[in-house]
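Listing of protein-v3.txt, compact mmCIF, C-alpha atoms
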```
# COMPACT_ATOMS: atom_id res chain seq x y z
CA MET A 1 19.96 -31.03 23.66
CA THR A 2 21.24 -27.54 23.04
CA LYS A 3 19.39 -24.41 24.07
CA ARG A 4 18.85 -23.51 20.44
CA THR A 5 17.16 -26.85 19.75
CA ALA A 6 15.07 -26.53 22.91
CA ARG A 7 13.86 -23.07 21.87
CA ALA A 8 12.98 -24.38 18.42
CA LEU A 9 10.96 -27.25 19.90
CA ARG A 10 9.11 -24.91 22.25
CA ALA A 11 8.31 -22.56 19.38
CA TRP A 12 7.09 -25.31 17.07
CA PRO A 13 3.54 -25.65 18.54
CA GLY A 14 3.01 -21.93 18.05
CA ILE A 15 4.25 -22.16 14.47
CA LEU A 16 1.89 -25.05 13.73
CA ARG A 17 -1.00 -23.16 15.26
CA LYS A 18 -0.24 -20.09 13.17
CA ASP A 19 0.23 -22.07 9.95
CA LEU A 20 -2.61 -24.57 10.19
CA LEU A 21 -5.32 -22.97 12.32
CA THR A 22 -6.39 -20.38 9.76
CA LEU A 23 -9.30 -19.72 7.45
CA ALA A 24 -7.38 -17.26 5.28
CA ALA A 25 -7.51 -17.59 1.52
CA ASP A 26 -3.77 -16.88 1.42
CA PRO A 27 -2.04 -18.62 4.35
CA ASN A 28 1.27 -17.07 3.35
CA GLY A 29 0.13 -13.64 4.54
CA GLN A 30 1.19 -12.04 1.26
CA VAL A 31 -0.58 -9.30 -0.63
CA GLY A 32 -2.05 -10.33 -3.96
CA LYS A 33 -2.37 -13.79 -5.42
CA PRO A 34 -0.63 -15.91 -8.05
CA ARG A 35 -1.66 -15.08 -11.59
CA TRP A 36 -2.71 -18.63 -12.35
CA LEU A 37 -5.58 -18.18 -9.89
CA GLU A 38 -7.19 -15.87 -12.43
CA TRP A 39 -8.01 -19.08 -14.33
CA ARG A 40 -9.93 -20.58 -11.41
CA PRO A 41 -13.33 -20.35 -13.15
CA VAL A 42 -11.88 -22.43 -15.98
CA ILE A 43 -10.08 -24.85 -13.64
CA MET A 44 -13.31 -25.39 -11.70
CA VAL A 45 -14.92 -27.28 -14.59
CA PRO A 46 -12.54 -30.30 -14.65
CA LEU A 47 -12.13 -30.06 -10.89
CA VAL A 48 -15.87 -30.44 -10.29
CA MET A 49 -15.95 -33.39 -12.69
CA LEU A 50 -13.17 -35.09 -10.71
CA ALA A 51 -15.00 -34.29 -7.47
CA VAL A 52 -18.13 -35.97 -8.83
CA GLY A 53 -16.06 -39.07 -9.66
CA VAL A 54 -14.64 -39.10 -6.12
CA LEU A 55 -18.17 -38.72 -4.73
CA VAL A 56 -19.52 -41.69 -6.69
CA ALA A 57 -16.55 -43.97 -6.00
CA GLY A 58 -16.38 -42.97 -2.34
CA THR A 59 -20.11 -43.50 -1.82
CA ASN A 60 -19.89 -47.03 -3.27
CA GLN A 61 -16.91 -47.93 -1.12
CA TYR A 62 -18.27 -46.49 2.12
CA ALA A 63 -21.83 -47.70 1.62
CA PHE A 64 -21.10 -51.25 0.48
CA GLY A 65 -17.44 -51.95 1.33
CA PHE A 66 -17.59 -50.51 4.86
CA GLY A 67 -21.27 -51.22 5.44
CA MET A 68 -22.14 -47.61 6.29
CA GLY A 69 -25.29 -47.40 4.19
CA ILE A 70 -26.10 -45.02 1.37
CA GLN A 71 -26.82 -41.98 3.52
CA LEU A 72 -23.66 -42.05 5.67
CA GLY A 73 -21.54 -43.15 2.72
CA MET A 74 -22.76 -40.23 0.61
CA LEU A 75 -22.26 -37.83 3.54
CA PHE A 76 -18.61 -38.73 4.16
CA ALA A 77 -17.81 -39.04 0.44
CA GLY A 78 -19.48 -35.66 -0.08
CA ILE A 79 -17.31 -34.05 2.60
CA GLN A 80 -14.16 -35.33 0.92
CA SER A 81 -15.24 -34.41 -2.61
CA VAL A 82 -16.30 -30.91 -1.52
CA ALA A 83 -12.93 -30.49 0.22
CA PHE A 84 -11.31 -31.35 -3.10
CA VAL A 85 -13.06 -28.36 -4.74
CA VAL A 86 -12.74 -25.97 -1.78
CA ALA A 87 -8.97 -26.54 -1.75
CA LEU A 88 -8.75 -24.27 -4.79
CA TYR A 89 -10.00 -21.35 -2.65
CA ARG A 90 -9.27 -22.30 1.00
CA PRO A 91 -6.47 -24.89 0.93
CA VAL A 92 -5.84 -25.29 4.68
CA PRO A 93 -9.53 -25.56 5.75
CA ALA A 94 -10.11 -28.03 2.89
CA TRP A 95 -7.21 -30.14 4.13
CA TRP A 96 -8.67 -30.15 7.66
CA ALA A 97 -12.04 -31.27 6.28
CA SER A 98 -10.42 -34.19 4.46
CA MET A 99 -8.55 -35.19 7.61
CA ILE A 100 -11.73 -35.08 9.71
CA GLY A 101 -13.52 -37.23 7.16
CA THR A 102 -10.67 -39.75 7.28
CA VAL A 103 -10.86 -40.09 11.07
CA MET A 104 -14.66 -40.44 11.08
CA VAL A 105 -14.63 -43.24 8.51
CA THR A 106 -11.90 -45.23 10.28
CA PRO A 107 -14.20 -47.10 12.77
CA PHE A 108 -16.41 -48.31 9.92
CA ALA A 109 -13.36 -49.46 7.96
CA ALA A 110 -12.04 -51.37 10.98
CA ASN A 111 -15.38 -53.16 11.54
CA ALA A 112 -15.63 -54.04 7.86
CA GLY A 113 -12.13 -55.55 8.06
CA LEU A 114 -13.31 -58.28 10.46
CA GLY A 115 -14.90 -60.02 7.50
CA GLU A 116 -13.80 -60.25 3.90
CA PRO A 117 -12.16 -56.98 2.79
CA PHE A 118 -13.64 -55.01 -0.02
CA PRO A 119 -11.80 -56.00 -3.23
CA TRP A 120 -10.35 -52.51 -3.93
CA SER A 121 -10.20 -51.17 -0.41
CA GLY A 122 -6.40 -51.53 -0.21
CA ALA A 123 -4.85 -50.16 2.98
CA TYR A 124 -7.31 -47.68 4.45
CA PRO A 125 -7.30 -44.69 4.27
CA TRP A 126 -5.17 -45.09 1.17
CA SER A 127 -7.48 -47.03 -1.02
CA GLY A 128 -7.93 -45.93 -4.60
CA VAL A 129 -10.43 -43.25 -3.61
CA GLY A 130 -8.44 -42.23 -0.53
CA ILE A 131 -5.20 -41.72 -2.46
CA ALA A 132 -6.96 -39.70 -5.18
CA MET A 133 -8.70 -37.48 -2.64
CA GLN A 134 -5.65 -36.90 -0.39
CA ALA A 135 -3.30 -36.37 -3.33
CA GLY A 136 -5.64 -33.84 -4.97
CA VAL A 137 -6.05 -31.81 -1.79
CA LEU A 138 -2.32 -31.86 -1.00
CA PHE A 139 -1.41 -30.89 -4.56
CA LEU A 140 -3.70 -27.85 -4.57
CA LEU A 141 -2.45 -26.93 -1.10
CA ALA A 142 1.22 -27.18 -2.15
CA LEU A 143 0.48 -24.87 -5.08
CA ARG A 144 -0.77 -22.15 -2.73
CA VAL A 145 1.22 -22.27 0.52
CA ARG A 146 4.87 -21.91 1.40
CA PRO A 147 6.96 -25.12 1.54
CA ARG A 148 6.97 -25.21 5.34
CA ILE A 149 3.18 -25.46 5.52
CA ALA A 150 3.16 -28.09 2.76
CA VAL A 151 5.67 -30.23 4.69
CA GLU A 152 3.66 -29.84 7.90
CA THR A 153 0.42 -30.96 6.28
CA LEU A 154 2.14 -33.86 4.49
CA THR A 155 3.70 -35.07 7.73
CA ILE A 156 0.40 -34.93 9.61
CA THR A 157 -1.38 -36.65 6.71
CA LEU A 158 1.12 -39.53 6.69
CA LEU A 159 1.12 -39.96 10.47
CA LEU A 160 -2.67 -39.80 10.69
CA GLY A 161 -3.02 -42.18 7.73
CA LEU A 162 -0.68 -44.71 9.32
CA ALA A 163 -2.60 -44.47 12.59
CA CYS A 164 -5.96 -44.97 10.88
CA GLY A 165 -4.61 -47.81 8.72
CA ALA A 166 -3.20 -49.60 11.79
CA SER A 167 -6.75 -50.47 12.88
CA THR A 168 -7.58 -52.30 9.63
CA PRO A 169 -6.37 -55.95 9.61
CA TRP A 170 -5.99 -56.19 5.81
CA ARG A 171 -3.39 -53.44 5.48
CA SER A 172 -0.58 -54.20 3.03
CA ALA A 173 2.99 -52.93 3.41
CA HIS A 174 3.27 -52.68 -0.37
CA ASP A 175 0.12 -50.55 -0.59
CA ILE A 176 1.32 -48.33 2.24
CA ARG A 177 4.69 -47.67 0.61
CA LEU A 178 3.01 -46.96 -2.71
CA ALA A 179 0.55 -44.55 -1.11
CA ILE A 180 3.29 -42.72 0.82
CA ALA A 181 5.40 -42.37 -2.33
CA ALA A 182 2.40 -41.04 -4.27
CA LEU A 183 1.55 -38.42 -1.64
CA VAL A 184 5.15 -37.30 -1.22
CA LEU A 185 5.60 -37.01 -4.99
CA THR A 186 2.38 -34.99 -5.24
CA VAL A 187 3.55 -32.48 -2.65
CA VAL A 188 7.02 -32.22 -4.24
CA VAL A 189 5.56 -31.54 -7.68
CA GLY A 190 3.08 -29.00 -6.31
CA GLY A 191 5.81 -27.23 -4.33
CA ALA A 192 8.12 -27.16 -7.35
CA LEU A 193 5.42 -25.64 -9.54
CA ARG A 194 4.68 -23.05 -6.87
CA GLY A 195 8.38 -22.19 -6.64
CA LEU A 196 8.51 -21.72 -10.41
CA VAL A 197 5.47 -19.43 -10.29
CA VAL A 198 6.97 -17.43 -7.41
CA VAL A 199 10.25 -16.96 -9.26
CA ARG A 200 8.49 -15.84 -12.44
CA THR A 201 6.27 -13.48 -10.44
CA LYS A 202 9.29 -11.92 -8.73
CA LEU A 203 11.00 -11.56 -12.10
CA VAL A 204 7.97 -9.77 -13.55
CA VAL A 205 7.79 -7.48 -10.51
CA GLN A 206 11.51 -6.73 -10.80
CA GLU A 207 11.15 -5.94 -14.50
CA GLU A 208 8.27 -3.59 -13.73
CA LEU A 209 10.30 -1.88 -11.01
CA THR A 210 13.27 -1.58 -13.36
CA ALA A 211 11.11 -0.07 -16.08
CA GLU A 212 9.56 2.34 -13.59
CA GLU A 213 12.97 3.32 -12.26
CA ARG A 214 14.25 3.82 -15.82
CA SER A 215 11.27 6.04 -16.61
CA ARG A 216 11.80 8.04 -13.43
CA ARG A 217 15.48 8.48 -14.20
CA THR A 218 14.69 9.57 -17.74
CA LEU A 219 12.20 12.10 -16.41
CA LEU A 220 14.70 13.49 -13.91
CA GLU A 221 17.43 13.73 -16.56
CA GLU A 222 15.11 15.62 -18.88
CA ARG A 223 13.99 17.98 -16.13
CA ASN A 224 17.64 18.51 -15.26
CA ARG A 225 18.40 19.51 -18.85
CA ILE A 226 15.41 21.86 -18.97
CA ALA A 227 16.47 23.42 -15.66
CA ARG A 228 19.97 24.08 -17.00
CA GLU A 229 18.57 25.85 -20.04
CA LEU A 230 16.12 27.93 -18.00
CA HIS A 231 18.93 28.88 -15.65
CA ASP A 232 20.61 30.73 -18.49
CA VAL A 233 17.39 32.62 -19.21
CA VAL A 234 16.96 33.61 -15.55
CA ALA A 235 20.63 34.55 -15.24
CA HIS A 236 20.29 36.89 -18.22
CA HIS A 237 17.34 38.68 -16.62
CA MET A 238 19.12 38.98 -13.28
CA SER A 239 22.16 40.45 -15.05
CA VAL A 240 19.94 43.01 -16.76
CA ILE A 241 18.34 43.93 -13.42
CA SER A 242 21.78 44.42 -11.88
CA ILE A 243 22.94 46.68 -14.71
CA GLN A 244 19.72 48.70 -14.73
CA ALA A 245 19.89 49.21 -10.96
CA GLN A 246 23.47 50.44 -11.31
CA VAL A 247 22.48 52.89 -14.05
CA VAL A 248 19.35 54.31 -12.35
CA PRO A 249 21.15 56.94 -10.19
CA HIS A 250 22.89 58.31 -13.29
CA LEU A 251 19.58 58.82 -15.09
CA VAL A 252 18.20 61.15 -12.43
CA GLU A 253 19.43 64.66 -11.83
CA ASN A 254 20.58 65.12 -8.26
CA PRO A 255 19.45 61.67 -7.06
CA SER A 256 18.60 61.48 -3.40
CA ASP A 257 20.51 59.28 -0.96
CA GLU A 258 17.42 57.12 -0.52
CA LEU A 259 17.25 56.47 -4.29
CA ARG A 260 20.95 55.59 -4.39
CA GLU A 261 20.54 53.27 -1.43
CA ASN A 262 17.52 51.47 -2.94
CA ALA A 263 19.23 51.08 -6.32
CA GLU A 264 22.34 49.72 -4.64
CA GLY A 265 20.19 47.26 -2.66
CA ILE A 266 18.54 46.04 -5.85
CA ARG A 267 21.96 45.57 -7.47
CA ARG A 268 23.33 43.66 -4.47
CA ASN A 269 20.27 41.38 -4.38
CA ALA A 270 20.63 40.69 -8.10
CA VAL A 271 24.33 39.85 -7.66
CA ASP A 272 23.51 37.55 -4.72
CA ALA A 273 20.82 35.84 -6.79
CA LEU A 274 23.34 35.31 -9.61
CA THR A 275 25.77 33.76 -7.13
CA GLU A 276 23.12 31.33 -5.90
CA LEU A 277 22.16 30.50 -9.46
CA ARG A 278 25.79 29.69 -10.19
CA ARG A 279 25.82 27.24 -7.28
CA VAL A 280 22.58 25.62 -8.44
CA LEU A 281 23.97 25.27 -11.93
CA GLY A 282 27.08 23.61 -10.52
CA VAL A 283 24.86 20.97 -8.91
CA LEU A 284 22.86 20.44 -12.08
CA ARG A 285 25.97 20.06 -14.22
CA SER A 286 28.01 17.96 -11.79
CA GLU A 287 26.99 14.63 -13.35
CA ASP A 288 26.61 15.78 -16.96
CA PRO A 289 29.13 18.55 -17.69
CA LEU A 290 28.65 20.49 -20.88
CA PRO A 291 31.41 21.70 -23.18
CA GLN A 292 32.66 25.16 -22.40
CA ALA A 293 31.31 26.51 -25.69
CA ALA A 294 27.86 25.09 -24.99
CA ARG A 295 27.74 26.68 -21.55
CA HIS A 296 28.16 30.19 -22.91
CA ALA A 297 26.21 29.80 -26.14
CA PRO A 298 23.01 31.88 -26.32
CA GLN A 299 19.77 29.96 -25.91
CA PRO A 300 17.97 29.40 -29.24
CA THR A 301 14.68 31.04 -30.19
CA LEU A 302 12.06 30.56 -32.91
CA ASP A 303 14.14 32.79 -35.20
CA ARG A 304 16.52 29.83 -35.61
CA VAL A 305 13.87 27.36 -36.78
CA ASP A 306 15.03 28.00 -40.35
CA GLU A 307 18.44 26.61 -39.35
CA LEU A 308 16.79 23.38 -38.16
CA VAL A 309 14.85 23.07 -41.40
CA GLY A 310 18.00 23.73 -43.43
CA ASN A 311 19.97 21.10 -41.52
CA ALA A 312 17.18 18.55 -42.05
CA ARG A 313 17.10 19.30 -45.79
CA GLY A 314 20.85 18.91 -45.90
CA ALA A 315 20.40 15.42 -44.41
CA GLY A 316 18.13 14.47 -47.32
CA VAL A 317 14.74 15.04 -45.63
CA GLU A 318 11.97 16.80 -47.53
CA VAL A 319 10.84 19.51 -45.08
CA THR A 320 8.41 22.38 -45.55
CA ALA A 321 7.95 25.18 -43.02
CA GLU A 322 5.15 27.71 -42.63
CA THR A 323 4.62 30.54 -40.15
CA THR A 324 1.22 32.17 -39.76
CA GLY A 325 -0.02 34.98 -37.59
CA GLU A 326 1.70 38.15 -36.46
CA PRO A 327 4.94 37.39 -34.60
CA ARG A 328 5.30 39.29 -31.35
CA PRO A 329 7.78 39.30 -28.48
CA LEU A 330 7.60 36.13 -26.41
CA SER A 331 9.20 35.34 -23.09
CA PRO A 332 12.57 33.55 -23.37
CA GLY A 333 11.08 30.44 -21.75
CA VAL A 334 8.36 30.14 -24.40
CA GLU A 335 10.82 30.83 -27.22
CA LEU A 336 13.23 28.19 -25.94
CA SER A 337 10.52 25.57 -25.35
CA ALA A 338 8.97 26.09 -28.78
CA PHE A 339 12.37 25.77 -30.46
CA ARG A 340 13.24 22.58 -28.53
CA ILE A 341 9.88 21.00 -29.36
CA VAL A 342 10.43 21.63 -33.08
CA GLN A 343 13.98 20.29 -32.76
CA GLU A 344 12.90 17.08 -30.99
CA ALA A 345 9.99 16.49 -33.35
CA LEU A 346 12.23 16.87 -36.40
CA SER A 347 14.81 14.52 -34.89
CA ASN A 348 12.16 11.89 -34.16
CA ALA A 349 10.77 12.12 -37.68
CA MET A 350 14.24 11.73 -39.21
CA ARG A 351 15.09 8.83 -36.92
CA HIS A 352 11.86 6.81 -36.94
CA ALA A 353 10.32 7.72 -40.33
CA PRO A 354 13.05 7.52 -42.97
CA GLY A 355 11.99 8.85 -46.34
CA ALA A 356 8.90 10.62 -44.97
CA ARG A 357 7.93 14.21 -45.82
CA VAL A 358 7.90 16.54 -42.83
CA ARG A 359 5.90 19.74 -42.36
CA VAL A 360 6.61 22.34 -39.65
CA GLU A 361 3.88 24.86 -38.81
CA ILE A 362 4.23 27.74 -36.35
CA ARG A 363 1.10 29.76 -35.67
CA HIS A 364 1.30 32.96 -33.62
CA ARG A 365 -1.85 33.83 -31.69
CA VAL A 366 -2.84 36.51 -29.22
CA SER A 367 -2.90 33.98 -26.40
CA GLY A 368 0.32 32.19 -27.34
CA VAL A 369 1.99 30.13 -30.01
CA THR A 370 1.12 26.75 -31.54
CA VAL A 371 3.80 24.45 -32.92
CA ARG A 372 2.79 21.54 -35.17
CA VAL A 373 5.19 19.05 -36.76
CA THR A 374 3.77 16.25 -38.93
CA ASN A 375 5.32 13.61 -41.13
CA THR A 376 3.88 11.24 -43.71
CA ALA A 377 4.22 7.46 -43.61
CA PRO A 378 7.87 6.34 -43.92
CA ASP A 379 9.11 4.75 -47.13
CA ARG A 380 10.93 2.01 -45.22
CA PRO A 381 10.98 0.70 -41.65
CA GLY A 382 13.01 2.69 -39.20
CA PRO A 383 15.61 1.29 -36.83
CA PRO A 384 14.25 -0.70 -33.86
CA THR A 385 13.74 1.25 -30.67
CA THR A 386 15.69 0.13 -27.60
CA GLY A 387 13.56 1.77 -24.93
CA ALA A 388 11.91 5.00 -23.84
CA GLY A 389 13.73 8.03 -25.19
CA HIS A 390 13.86 11.60 -23.98
CA GLY A 391 12.12 13.20 -26.98
CA LEU A 392 8.40 12.93 -26.22
CA LEU A 393 9.04 13.11 -22.50
CA GLY A 394 11.02 16.30 -22.84
CA MET A 395 8.40 17.93 -25.07
CA ARG A 396 5.67 17.01 -22.61
CA GLU A 397 7.64 18.43 -19.69
CA ARG A 398 8.30 21.68 -21.51
CA ALA A 399 4.65 22.14 -22.40
CA ALA A 400 3.50 21.30 -18.87
CA MET A 401 6.05 23.72 -17.38
CA LEU A 402 4.42 26.59 -19.29
CA GLY A 403 0.87 25.44 -18.56
CA GLY A 404 0.38 24.35 -22.16
CA GLU A 405 -0.70 21.15 -23.87
CA LEU A 406 1.08 18.56 -25.98
CA VAL A 407 -0.75 16.17 -28.31
CA THR A 408 1.09 13.36 -30.06
CA GLY A 409 -0.07 10.35 -32.03
CA PRO A 410 -0.33 8.66 -35.42
CA THR A 411 -2.20 10.25 -38.29
CA PRO A 412 -4.77 8.42 -40.49
CA GLY A 413 -2.28 8.14 -43.36
CA GLY A 414 0.28 6.24 -41.33
CA GLY A 415 2.34 9.26 -40.32
CA TYR A 416 2.83 10.98 -36.99
CA GLU A 417 1.89 14.34 -35.50
CA VAL A 418 3.25 16.48 -32.67
CA THR A 419 1.23 19.55 -31.67
CA ALA A 420 2.18 21.84 -28.79
CA ILE A 421 -0.01 24.72 -27.61
CA LEU A 422 2.07 27.11 -25.50
CA PRO A 423 0.28 29.98 -23.75
CA ALA A 424 2.13 33.29 -23.79
CA PRO A 425 0.33 36.38 -22.49
CA PRO A 426 1.45 39.65 -24.09
CA THR A 427 4.69 40.89 -22.60
CA ALA A 428 6.71 44.01 -23.18
CA GLU A 429 10.48 43.63 -23.38
CA PRO A 430 11.96 45.90 -20.67
CA ALA A 431 14.09 48.76 -21.83
CA GLY A 432 17.74 47.93 -21.83
CA SER A 433 17.15 44.20 -21.70
CA ALA A 434 19.27 43.74 -24.75
CA ALA A 435 22.30 45.11 -22.96
CA PRO A 436 25.02 42.49 -22.49
CA ALA A 437 25.44 41.03 -19.03
CA ASP A 438 28.45 41.89 -16.93
CA PRO A 439 31.05 39.18 -17.74
CA ALA A 440 32.14 39.10 -14.11
CA GLU A 441 28.61 38.22 -13.08
CA ASP A 442 27.77 35.81 -15.92
CA THR A 443 27.13 32.38 -14.47
CA ARG A 444 26.50 30.46 -17.65
```

Show how you would write the structure in this file as structure tokens.
Amino acid sequence: MTKRTARALRAWPGILRKDLLTLAADPNGQVGKPRWLEWRPVIMVPLVMLAVGVLVAGTNQYAFGFGMGIQLGMLFAGIQSVAFVVALYRPVPAWWASMIGTVMVTPFAANAGLGEPFPWSGAYPWSGVGIAMQAGVLFLLALRVRPRIAVETLTITLLLGLACGASTPWRSAHDIRLAIAALVLTVVVGGALRGLVVVRTKLVVQEELTAEERSRRTLLEERNRIARELHDVVAHHMSVISIQAQVVPHLVENPSDELRENAEGIRRNAVDALTELRRVLGVLRSEDPLPQAARHAPQPTLDRVDELVGNARGAGVEVTAETTGEPRPLSPGVELSAFRIVQEALSNAMRHAPGARVRVEIRHRVSGVTVRVTNTAPDRPGPPTTGAGHGLLGMRERAAMLGGELVTGPTPGGGYEVTAILPAPPTAEPAGSAAPADPAEDTR
């Protein structure tokens, strides 16, 4: 005997104790439970009916076939029938209860065997009632526990059954082989069904994880794109600060050394910030490089919404646009986000609602700007969607970034609506902000 085999044999009692001496509802030690257990209230109805049949048949056999009397016969048959029901909730304790009942009935079966055997007693404990009870408990146990525990309980059941049947003189080799085959087949079928359920459960979990990972990746990609666009806005402001700081000493007659030093410090800090922004942009664009023309193109504003509407009309879409309120200067971030929301909403309407009429409304308010894009019901079904896109997610991220709100959903007429409320407190455009950035310091 090798050392490895000896270690395995020494560890086996501890494994049996851990597997079989437990009152846990889930002997596998896993979190959660199989989904089919949600149907236990429904399964209980036929299971209780079968348990009642086992109780009646077992009481008749024990009371009259084994000469135990009605009271003891009903007691032991009740233990076994209750174990049959409890196995749905506590499989291992129910199996122990059935085994204890088998051992306690054995002396009565042996004494009854000294005379004429009961006509349908078979080879105790595997008479008709015994096989039904043991097979039912083992089947429910195999559905719940891992294969190792199912094999352990089957082995103990067979060994204990053979030991109990050895004391009855009317045992039949044919009946014993039939009973063993029935119990083994029951455990194999139960284990196979459990394996199928486990595989399907793992597949569902993996699909959920994949969908969650896809959603997370989509979110990160959209945030990456938004960050690249906002980088250009920030870089423009930093360039303006650098130029203004460089010009300040020339706007003051006889500037002091302290003023020159402070202005130079502001310019150096702005240049350093632009350098760091360039490095950040390199990281953001490392996996998704943009064309050179797109990198240096100015970021769009609400003034270019008419271009979007014109392009949509050129594609055959009936689009109407309306602007209300008094336009006022908005921060570049709000302008860019409002434009992108209109762009995404128009694209979604053209893609998913072919033939629909689209309306674009932009309302300027003192506290911000409201963008609303609606479309009527499509004339024909749109192309099938293949998964979560970036459109709604990107609009939601842009609105949340500015502390605004985004509302999307179907309209009563079968169309769709996208409404974004973007807060924008009054801002004054700094003097000289329109000056072009120093090309040497442009990081876009």

Have a look at CA of Val369 in chain A and CA of Ala424 in chain A and let me know their distance in Å, one decimal. 7.0 Å

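You will find CA of Val204 in chain A at 24.0 Å from CA of Tyr89 in chain A.
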
The residues within 10 Å of (11.7, 39.9, -32.3), using all atoms listed in the file and the coordinates of the file, should be reported as a list in words; which are they? Thr301, Leu302, Asp303, Pro327, Arg328, Pro329, Leu330 and Glu429 of chain A

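Minimum atom-to-atom distances from A:Met74, A:Ala142, A:Thr5, A:Val151 to Arg90 in chain A were compared using all atoms listed in the file, and the lowest value belongs to A:Ala142.
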
Gly403 in chain A environment, 12 Å, all atoms listed in the file, sequence neighbours closer than 2 positions dropped, as an MDAnalysis selection string: chainID A and resid 333:334 337 368 396:401 405:406 420:425
